[in-house]
file start25.txt (compact mmCIF, C-alpha atoms)
# COMPACT_ATOMS: atom_id res chain seq x y z
CA MET A 1 32.62 -2.81 161.48
CA LYS A 2 30.30 -0.75 159.34
CA PRO A 3 30.11 -1.88 155.66
CA CYS A 4 31.73 0.28 152.98
CA SER A 5 28.62 1.29 151.17
CA VAL A 6 30.16 4.36 149.54
CA LEU A 7 33.11 2.65 147.83
CA PRO A 8 31.78 -0.32 145.85
CA ARG A 9 32.41 1.25 142.44
CA PHE A 10 36.17 1.35 143.17
CA CYS A 11 36.49 -2.26 144.41
CA ALA A 12 37.59 -5.07 142.18
CA ASP A 13 34.90 -7.63 143.13
CA PRO A 14 31.36 -6.59 142.18
CA GLU A 15 29.78 -9.43 144.19
CA ASN A 16 31.56 -8.54 147.40
CA PRO A 17 32.64 -4.98 146.70
CA CYS A 18 34.03 -4.17 150.11
CA ASN A 19 35.38 -7.59 151.07
CA GLU A 20 33.54 -7.16 154.36
CA GLY A 21 35.13 -10.15 155.92
CA SER A 22 38.61 -8.63 155.71
CA GLY A 23 37.95 -4.97 156.38
CA CYS A 24 37.07 -3.19 153.17
CA SER A 25 37.31 0.25 154.75
CA SER A 26 41.10 -0.02 154.63
CA LEU A 27 41.45 -2.18 151.50
CA CYS A 28 39.45 -0.18 148.93
CA PRO A 29 41.35 3.11 149.38
CA GLU A 30 44.61 1.22 148.86
CA ARG A 31 43.35 -0.15 145.56
CA VAL A 32 42.15 3.28 144.51
CA LEU A 33 45.55 4.78 145.39
CA LYS A 34 47.38 2.02 143.54
CA MET A 35 45.31 2.47 140.38
CA THR A 36 45.72 6.25 140.58
CA ARG A 37 49.50 5.89 140.86
CA LEU A 38 49.54 3.47 137.97
CA MET A 39 47.58 5.82 135.71
CA LEU A 40 49.75 8.76 136.78
CA GLY A 41 52.91 6.79 136.10
CA ARG A 42 51.78 5.82 132.60
CA THR A 43 50.88 9.44 131.85
CA LEU A 44 54.27 10.69 133.04
CA GLU A 45 55.99 7.97 131.02
CA ARG A 46 54.23 9.12 127.84
CA ILE A 47 55.10 12.76 128.56
CA CYS A 48 58.75 11.86 129.12
CA LYS A 49 58.89 9.90 125.86
CA ALA A 50 57.37 12.84 123.98
CA VAL A 51 59.84 15.28 125.56
CA LEU A 52 62.74 12.95 124.77
CA LEU A 53 61.59 12.69 121.15
CA LEU A 54 61.36 16.46 120.86
CA CYS A 55 64.85 16.82 122.35
CA LEU A 56 66.19 14.31 119.83
CA VAL A 57 64.61 16.17 116.91
CA HIS A 58 65.95 19.47 118.24
CA PHE A 59 69.42 17.96 118.61
CA LEU A 60 69.39 16.65 115.03
CA ILE A 61 68.29 20.03 113.68
CA MET A 62 70.99 21.83 115.67
CA MET A 63 73.66 19.41 114.42
CA ILE A 64 72.58 19.97 110.80
CA LEU A 65 72.74 23.74 111.25
CA TYR A 66 76.02 23.46 113.11
CA PHE A 67 77.76 21.57 110.32
CA ASP A 68 76.16 23.79 107.69
CA VAL A 69 77.58 26.96 109.27
CA TYR A 70 80.76 25.65 110.81
CA SER A 71 81.78 23.09 108.19
CA GLN A 72 84.62 25.38 107.18
CA ARG A 73 86.22 24.67 110.58
CA PHE A 74 86.47 20.94 110.04
CA ASP A 75 87.75 18.57 107.44
CA ILE A 76 84.92 16.08 107.76
CA PHE A 77 83.64 16.86 104.27
CA SER A 78 87.03 16.51 102.65
CA ARG A 79 87.85 13.07 104.06
CA PHE A 80 85.63 11.32 101.55
CA SER A 81 87.61 12.60 98.58
CA GLY A 82 90.89 10.93 99.41
CA ARG A 83 93.10 9.95 102.30
CA ASN A 84 95.77 12.55 101.62
CA PHE A 85 93.51 15.14 100.02
CA SER A 86 93.43 17.47 102.99
CA ARG A 87 97.20 17.34 103.22
CA THR A 88 97.73 18.26 99.61
CA HIS A 89 94.90 20.83 99.47
CA HIS A 90 94.49 21.67 103.14
CA TYR A 91 92.28 24.66 102.50
CA TYR A 92 89.51 22.32 101.39
CA ASN A 93 88.68 21.71 105.01
CA LEU A 94 86.45 24.76 104.54
CA SER A 95 84.43 23.16 101.77
CA ARG A 96 81.35 21.10 101.25
CA PRO A 97 79.63 19.96 98.05
CA ASN A 98 77.26 22.58 96.78
CA GLY A 99 74.67 21.78 94.20
CA THR A 100 72.60 24.95 94.50
CA PHE A 101 74.94 27.37 92.79
CA PRO A 102 73.38 27.43 89.29
CA THR A 103 70.09 28.71 90.72
CA TYR A 104 71.88 31.84 91.92
CA LEU A 105 73.29 32.84 88.54
CA ALA A 106 71.28 35.45 86.71
CA ALA A 107 70.17 34.43 83.25
CA GLY A 108 72.31 37.07 81.53
CA ASP A 109 75.50 36.48 83.50
CA HIS A 110 78.48 35.21 81.53
CA PHE A 111 82.12 35.11 82.46
CA LEU A 112 84.47 36.98 80.18
CA PRO A 113 87.12 34.79 78.55
CA SER A 114 90.72 35.67 79.19
CA THR A 115 92.36 38.00 76.69
CA LYS A 116 95.82 36.60 77.37
CA PRO A 117 97.40 34.60 74.52
CA GLU A 118 97.70 30.89 75.07
CA THR A 119 101.07 29.74 76.31
CA ASN A 120 103.04 27.45 74.03
CA TYR A 121 103.48 24.32 76.07
CA THR A 122 106.36 21.99 75.39
CA PRO A 123 105.40 18.45 74.31
CA SER A 124 106.80 16.99 77.53
CA ILE A 125 104.47 19.05 79.76
CA LYS A 126 100.83 18.05 79.87
CA PRO A 127 98.60 21.18 79.86
CA VAL A 128 96.23 21.55 82.78
CA PRO A 129 92.50 21.72 82.06
CA PRO A 130 90.59 25.00 82.34
CA CYS A 131 89.10 25.74 85.74
CA PRO A 132 85.36 25.04 85.96
CA GLU A 133 82.96 27.97 85.85
CA VAL A 134 81.44 26.71 89.10
CA PRO A 135 84.28 25.46 91.33
CA PRO A 136 83.24 22.27 93.16
CA GLY A 137 84.83 23.20 96.48
CA LEU A 138 82.70 26.22 97.33
CA VAL A 139 81.23 26.39 100.83
CA GLY A 140 78.28 28.73 100.35
CA ARG A 141 77.22 30.76 103.38
CA LEU A 142 80.09 31.79 105.64
CA LEU A 143 80.35 32.66 109.32
CA ILE A 144 81.98 36.11 109.45
CA GLU A 145 83.00 37.55 112.82
CA PHE A 146 85.53 40.14 113.95
CA SER A 147 85.82 39.38 117.67
CA SER A 148 88.84 37.06 117.60
CA ALA A 149 92.34 38.53 117.48
CA MET A 150 93.98 38.47 114.06
CA THR A 151 97.64 38.71 113.07
CA LEU A 152 99.42 38.63 109.73
CA GLU A 153 101.47 35.68 110.96
CA ARG A 154 98.32 33.66 111.53
CA VAL A 155 96.94 34.56 108.11
CA GLN A 156 100.22 33.60 106.46
CA LYS A 157 100.20 30.19 108.16
CA GLU A 158 96.62 29.65 106.99
CA ASN A 159 97.54 30.42 103.37
CA PRO A 160 100.93 28.86 102.59
CA ASP A 161 100.09 28.57 98.88
CA VAL A 162 99.86 32.36 98.51
CA THR A 163 103.18 33.57 97.13
CA ASN A 164 105.09 36.77 97.74
CA GLY A 165 103.15 39.88 96.83
CA GLY A 166 99.79 38.25 97.64
CA LYS A 167 99.58 36.15 94.48
CA TYR A 168 97.98 32.80 93.85
CA THR A 169 97.56 30.54 90.82
CA PRO A 170 95.42 27.37 90.96
CA PRO A 171 97.78 24.38 90.73
CA ASP A 172 95.32 21.93 89.18
CA CYS A 173 93.61 24.01 86.47
CA LYS A 174 94.07 27.03 84.24
CA ALA A 175 92.13 30.05 85.50
CA ARG A 176 89.82 31.72 83.01
CA GLN A 177 90.95 35.23 83.98
CA LYS A 178 93.87 36.91 85.68
CA VAL A 179 92.40 39.12 88.40
CA ALA A 180 93.90 42.11 90.21
CA ILE A 181 92.27 42.88 93.57
CA ILE A 182 92.74 46.60 94.26
CA ILE A 183 92.12 48.15 97.69
CA PRO A 184 92.28 51.92 98.40
CA TYR A 185 93.91 52.30 101.77
CA ARG A 186 95.13 54.50 104.59
CA HIS A 187 95.50 53.70 108.31
CA ARG A 188 93.41 50.51 108.23
CA ASP A 189 95.84 47.86 109.53
CA HIS A 190 93.19 46.26 111.74
CA HIS A 191 90.71 45.92 108.87
CA LEU A 192 93.32 44.65 106.43
CA LYS A 193 94.18 41.67 108.64
CA TYR A 194 90.55 40.50 108.66
CA TRP A 195 90.19 41.12 104.92
CA LEU A 196 93.25 38.98 104.18
CA HIS A 197 92.09 36.31 106.66
CA TYR A 198 88.75 35.82 104.94
CA LEU A 199 89.43 36.70 101.30
CA HIS A 200 92.52 34.63 100.57
CA PRO A 201 90.75 31.30 101.32
CA ILE A 202 87.64 32.45 99.44
CA LEU A 203 89.59 33.45 96.32
CA ARG A 204 91.55 30.21 96.35
CA ARG A 205 88.38 28.12 96.57
CA GLN A 206 87.03 30.12 93.63
CA LYS A 207 90.00 28.93 91.53
CA ILE A 208 91.10 32.47 90.69
CA ASP A 209 94.53 33.49 89.43
CA TYR A 210 94.91 36.72 91.39
CA GLY A 211 97.12 39.29 93.04
CA VAL A 212 96.27 41.67 95.91
CA PHE A 213 97.35 45.32 95.64
CA ILE A 214 97.04 47.75 98.54
CA ILE A 215 97.17 51.35 97.23
CA ASN A 216 98.25 53.39 100.23
CA GLN A 217 97.69 57.16 100.13
CA TYR A 218 100.67 58.95 101.63
CA GLY A 219 100.22 61.85 104.03
CA GLU A 220 97.19 63.25 105.80
CA ASP A 221 95.54 65.24 103.03
CA THR A 222 91.95 64.57 101.99
CA PHE A 223 91.35 60.98 100.94
CA ASN A 224 90.57 60.25 97.27
CA ARG A 225 89.22 56.73 96.82
CA ALA A 226 88.55 56.78 93.07
CA LYS A 227 91.98 58.19 92.23
CA LEU A 228 93.63 55.45 94.26
CA LEU A 229 91.63 52.87 92.28
CA ASN A 230 92.89 54.38 89.02
CA ILE A 231 96.43 54.15 90.33
CA GLY A 232 95.86 50.53 91.32
CA TYR A 233 94.77 49.74 87.77
CA LYS A 234 97.92 51.26 86.25
CA GLU A 235 100.34 49.81 88.81
CA ALA A 236 98.86 46.32 88.63
CA LEU A 237 99.43 46.24 84.87
CA LYS A 238 103.09 46.99 85.49
CA ASP A 239 103.25 43.80 87.53
CA ALA A 240 101.41 41.37 85.20
CA GLU A 241 98.95 41.18 82.30
CA TYR A 242 95.74 41.35 84.30
CA ASP A 243 92.50 41.35 82.35
CA CYS A 244 90.04 41.71 85.26
CA PHE A 245 90.05 44.26 88.06
CA ILE A 246 88.13 43.97 91.33
CA PHE A 247 87.93 47.19 93.34
CA SER A 248 87.16 46.56 97.00
CA ASP A 249 86.94 48.56 100.21
CA VAL A 250 89.07 47.05 102.96
CA ASP A 251 86.22 46.85 105.47
CA LEU A 252 83.83 44.70 103.42
CA ILE A 253 83.81 40.90 103.72
CA PRO A 254 81.59 38.68 101.53
CA MET A 255 79.31 36.31 103.43
CA ASP A 256 79.05 33.74 100.64
CA ASP A 257 81.91 32.39 98.51
CA ARG A 258 79.55 31.72 95.60
CA ASN A 259 79.83 35.45 94.91
CA LEU A 260 82.60 34.82 92.38
CA TYR A 261 85.25 37.52 91.99
CA HIS A 262 85.34 37.32 88.20
CA CYS A 263 84.66 39.86 85.49
CA TYR A 264 81.50 39.44 83.45
CA ASP A 265 80.23 40.64 80.09
CA GLN A 266 78.85 43.70 81.91
CA PRO A 267 80.42 45.69 84.77
CA ARG A 268 79.80 43.88 88.01
CA HIS A 269 78.57 45.18 91.37
CA PHE A 270 79.26 42.56 94.04
CA ALA A 271 78.33 44.23 97.35
CA ILE A 272 74.61 44.59 96.78
CA ALA A 273 73.37 43.65 100.28
CA MET A 274 75.46 45.07 103.13
CA ASP A 275 74.51 44.60 106.75
CA LYS A 276 74.64 48.36 107.36
CA PHE A 277 71.83 48.78 104.78
CA GLY A 278 69.76 45.93 106.20
CA PHE A 279 71.02 43.56 103.47
CA ARG A 280 69.27 45.58 100.79
CA LEU A 281 70.41 47.66 97.87
CA PRO A 282 70.10 51.26 99.14
CA TYR A 283 69.08 52.59 95.70
CA ALA A 284 69.03 51.36 92.12
CA GLY A 285 72.12 53.28 90.99
CA TYR A 286 74.32 52.23 93.89
CA PHE A 287 77.75 50.96 92.76
CA GLY A 288 79.82 51.25 95.94
CA GLY A 289 81.76 48.88 98.14
CA VAL A 290 83.00 46.15 95.80
CA SER A 291 82.85 46.25 92.00
CA GLY A 292 84.58 44.67 89.05
CA LEU A 293 85.40 45.68 85.47
CA SER A 294 87.36 44.06 82.71
CA LYS A 295 90.20 45.96 81.13
CA VAL A 296 88.06 46.75 78.10
CA GLN A 297 85.17 48.00 80.24
CA PHE A 298 87.48 50.12 82.39
CA LEU A 299 89.05 51.85 79.40
CA LYS A 300 85.66 52.36 77.77
CA ILE A 301 84.54 54.60 80.65
CA ASN A 302 87.98 56.31 80.89
CA GLY A 303 88.51 54.75 84.30
CA PHE A 304 87.25 56.47 87.42
CA PRO A 305 87.05 60.20 88.22
CA ASN A 306 90.05 61.82 89.93
CA GLU A 307 88.25 64.91 91.25
CA TYR A 308 86.20 63.42 94.09
CA TRP A 309 88.10 64.44 97.22
CA GLY A 310 86.56 63.25 100.47
CA TRP A 311 83.73 60.83 101.12
CA GLY A 312 80.95 60.07 98.65
CA GLY A 313 79.90 60.60 95.07
CA GLU A 314 82.58 58.74 93.12
CA ASP A 315 80.62 55.47 92.96
CA ASP A 316 77.57 57.27 91.56
CA ASP A 317 79.80 58.96 88.99
CA ILE A 318 81.16 55.54 87.97
CA TYR A 319 77.61 54.21 87.62
CA ASN A 320 76.77 57.16 85.36
CA ARG A 321 79.85 56.48 83.23
CA ILE A 322 78.78 52.88 82.76
CA THR A 323 75.23 53.70 81.68
CA LEU A 324 76.30 56.65 79.51
CA ASN A 325 78.59 54.30 77.59
CA GLY A 326 75.79 51.88 76.77
CA MET A 327 76.56 49.24 79.40
CA LYS A 328 74.49 47.85 82.24
CA VAL A 329 75.46 46.89 85.76
CA SER A 330 75.18 43.18 86.53
CA ARG A 331 74.65 41.93 90.06
CA PRO A 332 74.58 38.56 91.84
CA ASP A 333 71.49 37.18 93.47
CA VAL A 334 70.69 39.03 96.69
CA ARG A 335 71.00 35.75 98.60
CA ILE A 336 74.72 35.53 97.87
CA GLY A 337 75.62 39.21 97.43
CA ARG A 338 75.61 39.78 101.19
CA TYR A 339 78.49 41.54 102.97
CA ARG A 340 79.49 42.35 106.51
CA MET A 341 81.17 45.65 107.22
CA ILE A 342 83.78 46.06 109.95
CA LYS A 343 82.35 48.83 112.10
CA HIS A 344 84.50 51.91 112.49
CA GLU A 345 84.37 55.65 112.87
CA ARG A 346 84.70 57.80 109.76
CA ASP A 347 88.35 58.43 108.93
CA LYS A 348 89.92 61.78 109.54
CA HIS A 349 90.45 63.80 106.37
CA ASN A 350 87.69 61.84 104.66
CA GLU A 351 84.78 64.14 105.43
CA PRO A 352 81.76 64.21 103.08
CA ASN A 353 82.47 66.07 99.87
CA PRO A 354 80.03 69.01 99.64
CA GLN A 355 80.58 69.28 95.86
CA ARG A 356 79.71 65.66 95.11
CA PHE A 357 76.09 66.29 94.05
CA ASN A 358 77.06 68.93 91.51
CA LYS A 359 79.82 66.72 90.12
CA ILE A 360 77.50 63.73 89.74
CA GLN A 361 75.15 65.81 87.61
CA ASN A 362 78.02 66.72 85.25
CA THR A 363 79.41 63.24 84.62
CA LYS A 364 78.61 63.34 80.92
CA ALA A 365 80.65 66.51 80.44
CA SER A 366 83.57 65.53 82.66
CA MET A 367 84.16 61.84 82.01
CA LYS A 368 86.15 62.29 78.79
CA ARG A 369 88.66 64.69 80.35
CA ASP A 370 88.73 63.36 83.93
CA GLY A 371 89.81 59.76 84.32
CA ILE A 372 92.63 57.38 83.55
CA ASN A 373 93.82 59.69 80.75
CA SER A 374 94.37 62.58 83.19
CA LEU A 375 95.79 60.61 86.13
CA GLN A 376 98.83 62.10 87.84
CA TYR A 377 100.61 60.67 90.87
CA ARG A 378 104.01 59.67 92.20
CA VAL A 379 104.99 56.24 93.47
CA LEU A 380 106.97 56.48 96.70
CA GLU A 381 107.44 52.82 97.55
CA VAL A 382 106.50 49.36 96.31
CA THR A 383 106.87 46.55 98.83
CA LYS A 384 105.89 42.94 98.26
CA TYR A 385 104.78 41.26 101.46
CA PRO A 386 103.83 37.57 101.75
CA LEU A 387 100.09 38.33 101.58
CA PHE A 388 99.85 41.52 99.48
CA THR A 389 101.73 44.12 97.49
CA ASN A 390 101.81 47.56 99.12
CA ILE A 391 102.14 50.58 96.83
CA THR A 392 102.50 53.90 98.64
CA VAL A 393 101.68 56.88 96.44
CA GLU A 394 101.52 60.64 96.62
CA ILE A 395 98.41 61.92 94.87
CA GLY A 396 98.54 65.65 95.51
CA LYS A 397 96.06 67.89 97.27
CA PRO A 398 92.49 68.85 96.48
CA PRO A 399 91.98 72.17 94.76
CA PRO A 400 90.75 75.01 96.99
CA ARG A 401 87.00 74.97 97.34
CA PRO A 402 85.17 77.93 95.83
CA PRO A 403 83.72 80.31 98.38
CA ARG A 404 80.06 79.91 99.14
CA GLY A 405 77.76 82.24 97.28

call {"tool": "encode", "arguments": {"input": "start25.txt", "output": "structure tokens"}}
result
Amino acid sequence: MKPCSVLPRFCADPENPCNEGSGCSSLCPERVLKMTRLMLGRTLERICKAVLLLCLVHFLIMMILYFDVYSQRFDIFSRFSGRNFSRTHHYYNLSRPNGTFPTYLAAGDHFLPSTKPETNYTPSIKPVPPCPEVPPGLVGRLLIEFSSAMTLERVQKENPDVTNGGKYTPPDCKARQKVAIIIPYRHRDHHLKYWLHYLHPILRRQKIDYGVFIINQYGEDTFNRAKLLNIGYKEALKDAEYDCFIFSDVDLIPMDDRNLYHCYDQPRHFAIAMDKFGFRLPYAGYFGGVSGLSKVQFLKINGFPNEYWGWGGEDDDIYNRITLNGMKVSRPDVRIGRYRMIKHERDKHNEPNPQRFNKIQNTKASMKRDGINSLQYRVLEVTKYPLFTNITVEIGKPPPRPPRG
């Protein structure tokens, strides 16, 4: 057999590289193949370990994000605070400790103290402490979606502590304000169910003493949002001594429960970053969507205008009233003032108001005569449902528009 002169560098024995006595021509290729397989196996093993490590890191990151977003669906975070805690306060299964809240408060933001007189407690009843300015059970960012079916029965089961008329009082502390949530409304049953589904748990976690008032415009005449808000203010005060008023559209849902529905030392604009505007404030004077004023602030600007029939303009008029009366609009941090809007077509009989631009320019002249002091309406029905109070009102018709030219 011919010696293996071309393979000695691959053989194991340098003195007898081809093991000529036992047929190196067949033995050396086997050793080469074995060493090649061994090296390939080690390389694949290292690659597999690296891939497995990356998968593990990816899994841990996904689990952290999962519990951060979906923690409101589980009670894992509430189990550490007591064996029966979730039974007594079952809505805390939506909560997790949140230590980042103070960084989101603007330097000039201050809650307004309640103007209600202190109740005279009997000696046998221990008074409850005041609710904290930053409730400990807040969740933070919320997952808001409108794809699942929603019913009032489901919302009622989720909020058994909400009493008739849509009212709630924190059982373990004394709220700093008594808040009326006022919603202008007509033909929005679908939107109202989602609003109640999301807002009741949020307001309860915020430790707010509140009531929900749906101001339903009767008939099919042109819609008048600002006038309905004025009516909500007056009708809510017939129900209780509210000192804070939150005015909210029914199709706007906050995406962070750290956006506290309180009144502040300046009029408050809550919905500063809607998804339809790319989560940005559309312009500096925007005051639409969701806003809040104390009773004193509301009366100082003579309430809202009654003459804006149709869509648009009334929120800019309100902003002008605030600034003309020496106040400033306060807003939350843009990271928590985010809102999702339930998509819908524009309502019938709520077409854009062609006179709105002229009216906005005349706010200074009109605000003293047009407002809460000139409000006229007729209450047709007041019905207290388990989750809200419905007030159906007749508000009249818009005046005939002047002919063009």

call {"tool": "atom_distance", "arguments": {"input": "start25.txt", "atom1": "CA of Pro127 in chain A", "atom2": "CA of Tyr168 in chain A"}}
result
18.2 Å

call {"tool": "closest_atom_pairs", "arguments": {"input": "start25.txt", "of": "range 248-346 of chain A", "to": "range 186-198 of chain A", "cutoff": "12 Å", "atoms": "only C-alpha atoms", "output": "tab-separated table"}}
result
residue	atom	partner	partner_atom	distance
A:Ser248	CA	A:Trp195	CA	10.1
A:Asp249	CA	A:Trp195	CA	9.4
A:Val250	CA	A:Leu192	CA	6.0
A:Asp251	CA	A:His191	CA	5.7
A:Leu252	CA	A:Trp195	CA	7.5
A:Ile253	CA	A:Trp195	CA	6.5
A:Pro254	CA	A:Tyr198	CA	8.4
A:Met255	CA	A:Tyr198	CA	9.6
A:Asp256	CA	A:Tyr198	CA	10.8
A:Asp257	CA	A:Tyr198	CA	10.0
A:Tyr339	CA	A:Trp195	CA	11.9
A:Arg340	CA	A:Trp195	CA	10.9
A:Met341	CA	A:His191	CA	9.7
A:Ile342	CA	A:His191	CA	7.0
A:Lys343	CA	A:His191	CA	9.4
A:His344	CA	A:His191	CA	9.4
A:Glu345	CA	A:Arg188	CA	11.4
A:Arg346	CA	A:Arg188	CA	11.5

call {"tool": "residues_around", "arguments": {"input": "start25.txt", "residues": "Arg338 in chain A", "least_positions_apart": "5", "cutoff": "12 Å", "atoms": "all atoms listed in the file", "output": "PyMOL selection string"}}
result
chain A and resi 140-144+252-259+269-281+289-290+331-333

call {"tool": "atom_distance", "arguments": {"input": "start25.txt", "atom1": "CA of Asp209 in chain A", "atom2": "CA of Ile391 in chain A"}}
result
20.1 Å

call {"tool": "atom_distance", "arguments": {"input": "start25.txt", "atom1": "CA of Glu314 in chain A", "atom2": "CA of Thr383 in chain A"}}
result
27.8 Å

call {"tool": "closest_residue", "arguments": {"input": "start25.txt", "among": "A:Phe213, A:Tyr185, A:Tyr286, A:Tyr377", "to": "Val329 in chain A", "atoms": "all atoms listed in the file"}}
result
A:Tyr286

call {"tool": "closest_residue", "arguments": {"input": "start25.txt", "among": "A:Lys178, A:Lys167, A:Lys49, A:Lys207", "to": "Leu138 in chain A", "atoms": "all atoms listed in the file"}}
result
A:Lys207

call {"tool": "residues_near_point", "arguments": {"input": "start25.txt", "point": "(76.3, 63.4, 91.4)", "cutoff": "12 Å", "atoms": "all atoms listed in the file", "output": "JSON, numbers by chain"}}
result
{"A": [285, 286, 305, 308, 312, 313, 314, 315, 316, 317, 318, 319, 320, 321, 353, 354, 355, 356, 357, 358, 359, 360, 361, 362, 363, 364, 366]}

call {"tool": "closest_residue", "arguments": {"input": "start25.txt", "among": "A:Lys126, A:Arg204, A:Arg225, A:Arg154", "to": "Ile182 in chain A", "atoms": "all atoms listed in the file"}}
result
A:Arg225
